[in-house]
Every structure is written in structure tokens, then in C-alpha cells.
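Quick look at coords.tsv (TSV, N, CA, C and O atoms):
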```
chain	number	residue	atom	x	y	z
A	283	GLN	N	11.33	-35.30	31.43
A	283	GLN	CA	12.14	-36.33	30.84
A	283	GLN	C	11.53	-36.81	29.53
A	283	GLN	O	10.32	-36.87	29.40
A	284	LEU	N	12.40	-37.18	28.60
A	284	LEU	CA	11.94	-37.76	27.35
A	284	LEU	C	11.58	-39.22	27.58
A	284	LEU	O	12.23	-39.91	28.35
A	285	LYS	N	10.56	-39.68	26.90
A	285	LYS	CA	10.10	-41.06	27.03
A	285	LYS	C	10.43	-41.84	25.78
A	285	LYS	O	10.77	-41.28	24.75
A	286	GLU	N	10.28	-43.17	25.87
A	286	GLU	CA	10.58	-44.00	24.71
A	286	GLU	C	9.67	-43.67	23.54
A	286	GLU	O	10.02	-43.91	22.39
A	287	THR	N	8.51	-43.09	23.78
A	287	THR	CA	7.61	-42.72	22.69
A	287	THR	C	8.09	-41.47	21.97
A	287	THR	O	7.56	-41.12	20.93
A	288	ASP	N	9.08	-40.80	22.52
A	288	ASP	CA	9.64	-39.60	21.90
A	288	ASP	C	10.87	-39.93	21.06
A	288	ASP	O	11.76	-39.12	20.91
A	289	GLN	N	10.92	-41.11	20.51
A	289	GLN	CA	12.09	-41.53	19.76
A	289	GLN	C	12.23	-40.74	18.47
A	289	GLN	O	11.25	-40.39	17.84
A	290	PRO	N	13.46	-40.52	18.06
A	290	PRO	CA	13.70	-39.87	16.77
A	290	PRO	C	13.45	-40.84	15.63
A	290	PRO	O	13.46	-42.06	15.83
A	291	PRO	N	13.25	-40.31	14.41
A	291	PRO	CA	13.17	-41.20	13.24
A	291	PRO	C	14.47	-41.99	13.11
A	291	PRO	O	15.52	-41.56	13.55
A	292	ILE	N	14.40	-43.13	12.48
A	292	ILE	CA	15.55	-44.03	12.37
A	292	ILE	C	16.75	-43.34	11.72
A	292	ILE	O	17.90	-43.57	12.10
A	293	GLU	N	16.52	-42.46	10.74
A	293	GLU	CA	17.63	-41.77	10.07
A	293	GLU	C	18.41	-40.92	11.08
A	293	GLU	O	19.63	-40.86	11.04
A	294	ASP	N	17.68	-40.25	11.98
A	294	ASP	CA	18.33	-39.44	13.01
A	294	ASP	C	19.09	-40.34	13.98
A	294	ASP	O	20.22	-40.06	14.35
A	295	LEU	N	18.45	-41.40	14.38
A	295	LEU	CA	19.04	-42.27	15.39
A	295	LEU	C	20.31	-42.94	14.88
A	295	LEU	O	21.26	-43.12	15.62
A	296	GLN	N	20.36	-43.28	13.61
A	296	GLN	CA	21.56	-43.91	13.07
A	296	GLN	C	22.77	-43.00	13.23
A	296	GLN	O	23.85	-43.47	13.57
A	297	LYS	N	22.60	-41.72	12.97
A	297	LYS	CA	23.73	-40.79	13.13
A	297	LYS	C	24.05	-40.56	14.60
A	297	LYS	O	25.19	-40.28	14.96
A	298	LEU	N	23.02	-40.65	15.45
A	298	LEU	CA	23.21	-40.34	16.86
A	298	LEU	C	23.59	-41.54	17.71
A	298	LEU	O	24.02	-41.38	18.85
A	299	LEU	N	23.43	-42.74	17.18
A	299	LEU	CA	23.69	-43.94	17.96
A	299	LEU	C	25.05	-43.92	18.67
A	299	LEU	O	25.12	-44.23	19.85
A	300	PRO	N	26.13	-43.53	18.00
A	300	PRO	CA	27.43	-43.55	18.68
A	300	PRO	C	27.53	-42.58	19.87
A	300	PRO	O	28.38	-42.77	20.73
A	301	VAL	N	26.68	-41.57	19.92
A	301	VAL	CA	26.77	-40.61	21.03
A	301	VAL	C	25.76	-40.88	22.14
A	301	VAL	O	25.84	-40.24	23.19
A	302	ILE	N	24.84	-41.82	21.93
A	302	ILE	CA	23.86	-42.12	22.98
A	302	ILE	C	24.54	-42.50	24.30
A	302	ILE	O	24.17	-42.00	25.35
A	303	PRO	N	25.57	-43.36	24.29
A	303	PRO	CA	26.24	-43.67	25.56
A	303	PRO	C	26.86	-42.42	26.22
A	303	PRO	O	26.84	-42.30	27.44
A	304	LEU	N	27.38	-41.51	25.41
A	304	LEU	CA	27.95	-40.28	25.98
A	304	LEU	C	26.87	-39.45	26.65
A	304	LEU	O	27.09	-38.87	27.73
A	305	VAL	N	25.72	-39.37	26.02
A	305	VAL	CA	24.60	-38.61	26.60
A	305	VAL	C	24.18	-39.24	27.92
A	305	VAL	O	23.99	-38.55	28.93
A	306	LYS	N	24.07	-40.55	27.92
A	306	LYS	CA	23.64	-41.24	29.14
A	306	LYS	C	24.63	-41.02	30.29
A	306	LYS	O	24.22	-40.73	31.41
A	307	VAL	N	25.90	-41.15	30.01
A	307	VAL	CA	26.92	-40.94	31.04
A	307	VAL	C	26.94	-39.49	31.50
A	307	VAL	O	27.07	-39.20	32.70
A	308	ALA	N	26.78	-38.57	30.58
A	308	ALA	CA	26.79	-37.15	30.94
A	308	ALA	C	25.66	-36.82	31.91
A	308	ALA	O	25.81	-35.96	32.78
A	309	TRP	N	24.54	-37.50	31.78
A	309	TRP	CA	23.40	-37.26	32.66
A	309	TRP	C	23.53	-37.98	34.01
A	309	TRP	O	22.66	-37.84	34.88
A	310	ALA	N	24.59	-38.73	34.22
A	310	ALA	CA	24.73	-39.57	35.41
A	310	ALA	C	24.59	-38.77	36.72
A	310	ALA	O	24.08	-39.29	37.71
A	311	GLU	N	25.04	-37.55	36.73
A	311	GLU	CA	24.96	-36.73	37.94
A	311	GLU	C	23.73	-35.83	37.96
A	311	GLU	O	23.61	-34.95	38.80
A	312	GLY	N	22.83	-36.05	37.01
A	312	GLY	CA	21.58	-35.29	37.00
A	312	GLY	C	21.60	-34.00	36.21
A	312	GLY	O	20.58	-33.34	36.07
A	313	ARG	N	22.75	-33.65	35.69
A	313	ARG	CA	22.88	-32.46	34.83
A	313	ARG	C	24.09	-32.64	33.93
A	313	ARG	O	24.95	-33.47	34.20
A	314	ILE	N	24.12	-31.85	32.86
A	314	ILE	CA	25.23	-31.93	31.92
A	314	ILE	C	25.99	-30.62	31.94
A	314	ILE	O	25.40	-29.54	31.83
A	315	THR	N	27.31	-30.71	32.09
A	315	THR	CA	28.14	-29.51	32.11
A	315	THR	C	28.37	-29.00	30.68
A	315	THR	O	28.17	-29.74	29.71
A	316	ASN	N	28.80	-27.75	30.57
A	316	ASN	CA	29.11	-27.20	29.25
A	316	ASN	C	30.22	-27.98	28.57
A	316	ASN	O	30.19	-28.18	27.35
A	317	ARG	N	31.20	-28.42	29.33
A	317	ARG	CA	32.31	-29.21	28.77
A	317	ARG	C	31.80	-30.54	28.22
A	317	ARG	O	32.21	-30.97	27.15
A	318	GLU	N	30.90	-31.18	28.95
A	318	GLU	CA	30.33	-32.44	28.47
A	318	GLU	C	29.55	-32.21	27.18
A	318	GLU	O	29.65	-33.00	26.24
A	319	LYS	N	28.79	-31.13	27.13
A	319	LYS	CA	28.04	-30.82	25.91
A	319	LYS	C	29.00	-30.62	24.73
A	319	LYS	O	28.76	-31.12	23.64
A	320	GLN	N	30.08	-29.91	24.97
A	320	GLN	CA	31.06	-29.66	23.92
A	320	GLN	C	31.62	-30.98	23.39
A	320	GLN	O	31.71	-31.19	22.17
A	321	ILE	N	31.98	-31.88	24.29
A	321	ILE	CA	32.53	-33.17	23.89
A	321	ILE	C	31.50	-33.97	23.08
A	321	ILE	O	31.82	-34.57	22.06
A	322	ILE	N	30.25	-33.96	23.52
A	322	ILE	CA	29.19	-34.69	22.83
A	322	ILE	C	28.96	-34.11	21.44
A	322	ILE	O	28.85	-34.85	20.46
A	323	PHE	N	28.90	-32.78	21.32
A	323	PHE	CA	28.71	-32.17	20.01
A	323	PHE	C	29.90	-32.45	19.08
A	323	PHE	O	29.71	-32.69	17.89
A	324	GLU	N	31.12	-32.43	19.61
A	324	GLU	CA	32.29	-32.74	18.80
A	324	GLU	C	32.23	-34.18	18.30
A	324	GLU	O	32.53	-34.47	17.14
A	325	SER	N	31.84	-35.09	19.18
A	325	SER	CA	31.71	-36.49	18.78
A	325	SER	C	30.62	-36.65	17.72
A	325	SER	O	30.81	-37.34	16.72
A	326	ALA	N	29.48	-36.01	17.92
A	326	ALA	CA	28.39	-36.09	16.95
A	326	ALA	C	28.82	-35.54	15.59
A	326	ALA	O	28.46	-36.10	14.55
A	327	ALA	N	29.60	-34.48	15.60
A	327	ALA	CA	30.08	-33.90	14.33
A	327	ALA	C	30.93	-34.91	13.57
A	327	ALA	O	30.85	-34.98	12.33
A	328	ARG	N	31.72	-35.70	14.29
A	328	ARG	CA	32.53	-36.72	13.64
A	328	ARG	C	31.67	-37.78	12.95
A	328	ARG	O	32.13	-38.45	12.03
A	329	TRP	N	30.44	-37.93	13.41
A	329	TRP	CA	29.51	-38.91	12.84
A	329	TRP	C	28.58	-38.28	11.81
A	329	TRP	O	27.61	-38.90	11.38
A	330	GLY	N	28.84	-37.03	11.44
A	330	GLY	CA	28.06	-36.40	10.38
A	330	GLY	C	26.87	-35.58	10.83
A	330	GLY	O	26.04	-35.19	10.02
A	331	VAL	N	26.77	-35.31	12.11
A	331	VAL	CA	25.67	-34.49	12.63
A	331	VAL	C	26.08	-33.02	12.51
A	331	VAL	O	27.06	-32.59	13.12
A	332	THR	N	25.34	-32.27	11.70
A	332	THR	CA	25.63	-30.86	11.48
A	332	THR	C	24.57	-29.99	12.16
A	332	THR	O	23.43	-30.44	12.35
A	333	PRO	N	24.93	-28.74	12.51
A	333	PRO	CA	23.98	-27.87	13.22
A	333	PRO	C	22.64	-27.66	12.51
A	333	PRO	O	21.64	-27.40	13.17
A	334	GLU	N	22.60	-27.77	11.21
A	334	GLU	CA	21.33	-27.54	10.50
A	334	GLU	C	20.51	-28.81	10.34
A	334	GLU	O	19.40	-28.78	9.80
A	335	SER	N	20.98	-29.94	10.87
A	335	SER	CA	20.29	-31.22	10.68
A	335	SER	C	19.26	-31.48	11.77
A	335	SER	O	19.32	-30.94	12.88
A	336	ASP	N	18.31	-32.35	11.43
A	336	ASP	CA	17.33	-32.81	12.41
A	336	ASP	C	18.01	-33.56	13.54
A	336	ASP	O	17.59	-33.48	14.70
A	337	SER	N	19.06	-34.29	13.20
A	337	SER	CA	19.80	-35.04	14.21
A	337	SER	C	20.38	-34.10	15.27
A	337	SER	O	20.35	-34.40	16.47
A	338	TYR	N	20.89	-32.97	14.84
A	338	TYR	CA	21.47	-32.00	15.77
A	338	TYR	C	20.39	-31.46	16.71
A	338	TYR	O	20.61	-31.34	17.93
A	339	GLN	N	19.23	-31.16	16.15
A	339	GLN	CA	18.14	-30.65	16.97
A	339	GLN	C	17.71	-31.70	17.99
A	339	GLN	O	17.42	-31.39	19.15
A	340	ARG	N	17.66	-32.95	17.57
A	340	ARG	CA	17.31	-34.04	18.48
A	340	ARG	C	18.35	-34.15	19.60
A	340	ARG	O	18.01	-34.30	20.76
A	341	LEU	N	19.61	-34.05	19.25
A	341	LEU	CA	20.67	-34.11	20.25
A	341	LEU	C	20.53	-32.96	21.25
A	341	LEU	O	20.69	-33.16	22.46
A	342	CYS	N	20.21	-31.79	20.77
A	342	CYS	CA	19.99	-30.64	21.68
A	342	CYS	C	18.88	-30.95	22.68
A	342	CYS	O	19.00	-30.62	23.87
A	343	GLU	N	17.82	-31.59	22.20
A	343	GLU	CA	16.72	-31.97	23.09
A	343	GLU	C	17.21	-32.95	24.15
A	343	GLU	O	16.85	-32.83	25.33
A	344	TRP	N	18.02	-33.92	23.75
A	344	TRP	CA	18.54	-34.90	24.70
A	344	TRP	C	19.43	-34.24	25.76
A	344	TRP	O	19.53	-34.72	26.87
A	345	LEU	N	20.08	-33.16	25.39
A	345	LEU	CA	20.97	-32.49	26.34
A	345	LEU	C	20.22	-31.52	27.24
A	345	LEU	O	20.76	-31.07	28.25
A	346	GLU	N	18.98	-31.21	26.89
A	346	GLU	CA	18.16	-30.34	27.71
A	346	GLU	C	17.21	-31.12	28.61
A	346	GLU	O	16.95	-30.72	29.73
A	347	LEU	N	16.66	-32.21	28.08
A	347	LEU	CA	15.72	-33.05	28.82
A	347	LEU	C	16.32	-34.44	28.96
A	347	LEU	O	16.60	-35.09	27.96
A	348	HIS	N	16.48	-34.87	30.18
A	348	HIS	CA	17.11	-36.15	30.45
A	348	HIS	C	16.27	-37.31	29.93
A	348	HIS	O	15.17	-37.56	30.43
A	349	PRO	N	16.76	-38.05	28.93
A	349	PRO	CA	16.03	-39.23	28.46
A	349	PRO	C	15.96	-40.31	29.55
A	349	PRO	O	16.89	-40.45	30.35
A	350	THR	N	14.88	-41.06	29.56
A	350	THR	CA	14.73	-42.15	30.53
A	350	THR	C	15.51	-43.37	30.06
A	350	THR	O	15.86	-43.49	28.89
A	351	ASP	N	15.73	-44.31	30.98
A	351	ASP	CA	16.38	-45.57	30.60
A	351	ASP	C	15.53	-46.31	29.57
A	351	ASP	O	16.07	-46.91	28.64
A	352	ASP	N	14.21	-46.25	29.72
A	352	ASP	CA	13.33	-46.88	28.74
A	352	ASP	C	13.54	-46.27	27.36
A	352	ASP	O	13.50	-46.96	26.35
A	353	PHE	N	13.74	-44.96	27.31
A	353	PHE	CA	14.00	-44.27	26.05
A	353	PHE	C	15.27	-44.83	25.39
A	353	PHE	O	15.27	-45.18	24.22
A	354	TYR	N	16.35	-44.92	26.17
A	354	TYR	CA	17.60	-45.46	25.63
A	354	TYR	C	17.41	-46.89	25.14
A	354	TYR	O	17.81	-47.24	24.04
A	355	ASN	N	16.80	-47.71	25.97
A	355	ASN	CA	16.63	-49.12	25.63
A	355	ASN	C	15.75	-49.30	24.40
A	355	ASN	O	16.07	-50.09	23.51
A	356	GLU	N	14.64	-48.59	24.33
A	356	GLU	CA	13.73	-48.72	23.19
A	356	GLU	C	14.37	-48.20	21.91
A	356	GLU	O	14.22	-48.80	20.84
A	357	SER	N	15.12	-47.11	21.99
A	357	SER	CA	15.80	-46.58	20.81
A	357	SER	C	16.79	-47.59	20.26
A	357	SER	O	16.85	-47.81	19.05
A	358	LEU	N	17.54	-48.21	21.13
A	358	LEU	CA	18.51	-49.20	20.68
A	358	LEU	C	17.84	-50.46	20.13
A	358	LEU	O	18.28	-51.01	19.13
A	359	ARG	N	16.75	-50.88	20.75
A	359	ARG	CA	16.00	-52.04	20.24
A	359	ARG	C	15.45	-51.76	18.84
A	359	ARG	O	15.53	-52.60	17.94
A	360	ASN	N	14.87	-50.59	18.65
A	360	ASN	CA	14.30	-50.25	17.35
A	360	ASN	C	15.37	-50.17	16.27
A	360	ASN	O	15.16	-50.61	15.14
A	361	LEU	N	16.50	-49.59	16.62
A	361	LEU	CA	17.59	-49.50	15.65
A	361	LEU	C	18.08	-50.90	15.27
A	361	LEU	O	18.27	-51.20	14.09
A	362	LYS	N	18.26	-51.75	16.25
A	362	LYS	CA	18.69	-53.12	15.97
A	362	LYS	C	17.69	-53.83	15.07
A	362	LYS	O	18.08	-54.50	14.11
A	363	SER	N	16.42	-53.66	15.34
A	363	SER	CA	15.38	-54.28	14.53
A	363	SER	C	15.43	-53.78	13.09
A	363	SER	O	15.35	-54.57	12.14
A	364	ASP	N	15.57	-52.48	12.91
A	364	ASP	CA	15.63	-51.91	11.56
A	364	ASP	C	16.87	-52.38	10.82
A	364	ASP	O	16.82	-52.66	9.62
A	365	TRP	N	18.00	-52.49	11.51
A	365	TRP	CA	19.22	-52.98	10.87
A	365	TRP	C	19.07	-54.42	10.44
A	365	TRP	O	19.55	-54.83	9.40
A	366	GLN	N	18.39	-55.21	11.26
A	366	GLN	CA	18.19	-56.62	10.91
A	366	GLN	C	17.31	-56.74	9.68
A	366	GLN	O	17.50	-57.63	8.87
A	367	LYS	N	16.35	-55.84	9.51
A	367	LYS	CA	15.49	-55.84	8.32
A	367	LYS	C	16.31	-55.51	7.07
A	367	LYS	O	16.07	-56.04	6.01
A	368	LEU	N	17.27	-54.61	7.22
A	368	LEU	CA	18.10	-54.21	6.10
A	368	LEU	C	19.17	-55.24	5.76
A	368	LEU	O	19.59	-55.37	4.62
A	369	ASN	N	19.63	-55.96	6.77
A	369	ASN	CA	20.72	-56.93	6.60
A	369	ASN	C	20.32	-58.28	7.18
A	369	ASN	O	20.92	-58.71	8.18
A	370	PRO	N	19.35	-58.97	6.59
A	370	PRO	CA	18.96	-60.27	7.16
A	370	PRO	C	20.11	-61.27	7.05
A	370	PRO	O	20.83	-61.28	6.07
A	371	GLU	N	20.25	-62.08	8.07
A	371	GLU	CA	21.35	-63.06	8.08
A	371	GLU	C	20.92	-64.37	7.48
A	371	GLU	O	19.86	-64.76	7.36
```
Represent the structure of the file as C-alpha cells.
Amino acid sequence: QLKETDQPPIEDLQKLLPVIPLVKVAWAEGRITNREKQIIFESAARWGVTPESDSYQRLCEWLELHPTDDFYNESLRNLKSDWQKLNPE
């Protein structure tokens, strides 16, 4: 399993953020079907993730190794923190 210390760089995570919930739900039964992978890749493509990108490679890793809940939570916390730095209220 991937751990929270295996987080992608913020640039990758920004493109992948919209598909993180899909990845989490796809892993709900302990494995991801080919159809689920197809849907996730199609969704990621809509967000600008291309096969030659680092983001795509990171997504492939998430679909092969089940990320932990800590991984999901820490990734979202870090992204929120970075966004707040960019857009202080």
C-alpha cells in the first residue's frame, strides 16, 4: 500500500485531485476492475492528465497499489494548505 509519505508533488496532485475520490471508491472492494480503470483514466484526461505526464504515472501507481486512508487524507490536507498559501483570505 502507498503511504502518506508517498505523496505526489503538488503539481501532480492538483491535476489528480478530482479523481482521488474515484480511486478511493474503486478500491472499496479491494481491487479495481478494468472498467473502473477506464472510467478513472477518462476522467483524469478531462482534467488534463496525459499518458506522457508525471500525473498519469502517479495515477497508474494508485491503481496498482491501494493508497491508505492516511495517504488520501494527507494529500488533501497538503493541497488545501498550498492553495491557502496561494490564495490567502
Handout entry: Between atom C of A:Ser357 and atom CA of A:Tyr338 - distance in Å to one decimal
Key =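 Rounded to one decimal, the two atoms are 16.9 Å apart.
Here atom CA of A:Gln366 is placed at a distance of 23.8 Å from atom CA of A:Arg340.
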Handout entry: Among the residues A:Lys319, A:Ile314, A:Leu345, A:Ala326, the one that comes closest to A:Val301 [using all atoms listed in the file]
Key =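 Smallest separation from A:Val301 among the options: A:Ala326.
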Practice task
For each of A:Glu324, A:Asp336, A:Asp351, A:Asp364, take the minimum atom-to-atom distance to A:Ala310, counting only C-alpha atoms, then give the residue where this is smallest.
Solution key: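 Answer, going by the shortest atom-to-atom distance: A:Asp351.
Take atom N of A:Phe323 and atom C of A:Lys362: the distance between them is 24.7 Å.
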Practice task
Extract the full set of helix (DSSP H, G or I) residues from stretch 314-351 of chain A according to DSSP on the backbone, and format it as a PyMOL selection string.
Solution key: chain A and resi 316-328+336-346+351
Exercise for the section: Take the point (25.2, -43.5, 18.6) in the file's coordinates, draw a sphere of radius 12 Å around it, and report as a VMD selection string every protein, DNA or RNA residue with an atom inside or on it, counting only C-alpha atoms. Expected result: chain A and resid 292 to 306 322 to 323 325 to 331 337 341 354 357 to 358 361 to 362
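Shortest atom-to-atom contact with A:Asn316 among A:Asp352, A:Lys367, A:Glu346, A:Asn360: A:Glu346, counting only C-alpha atoms.
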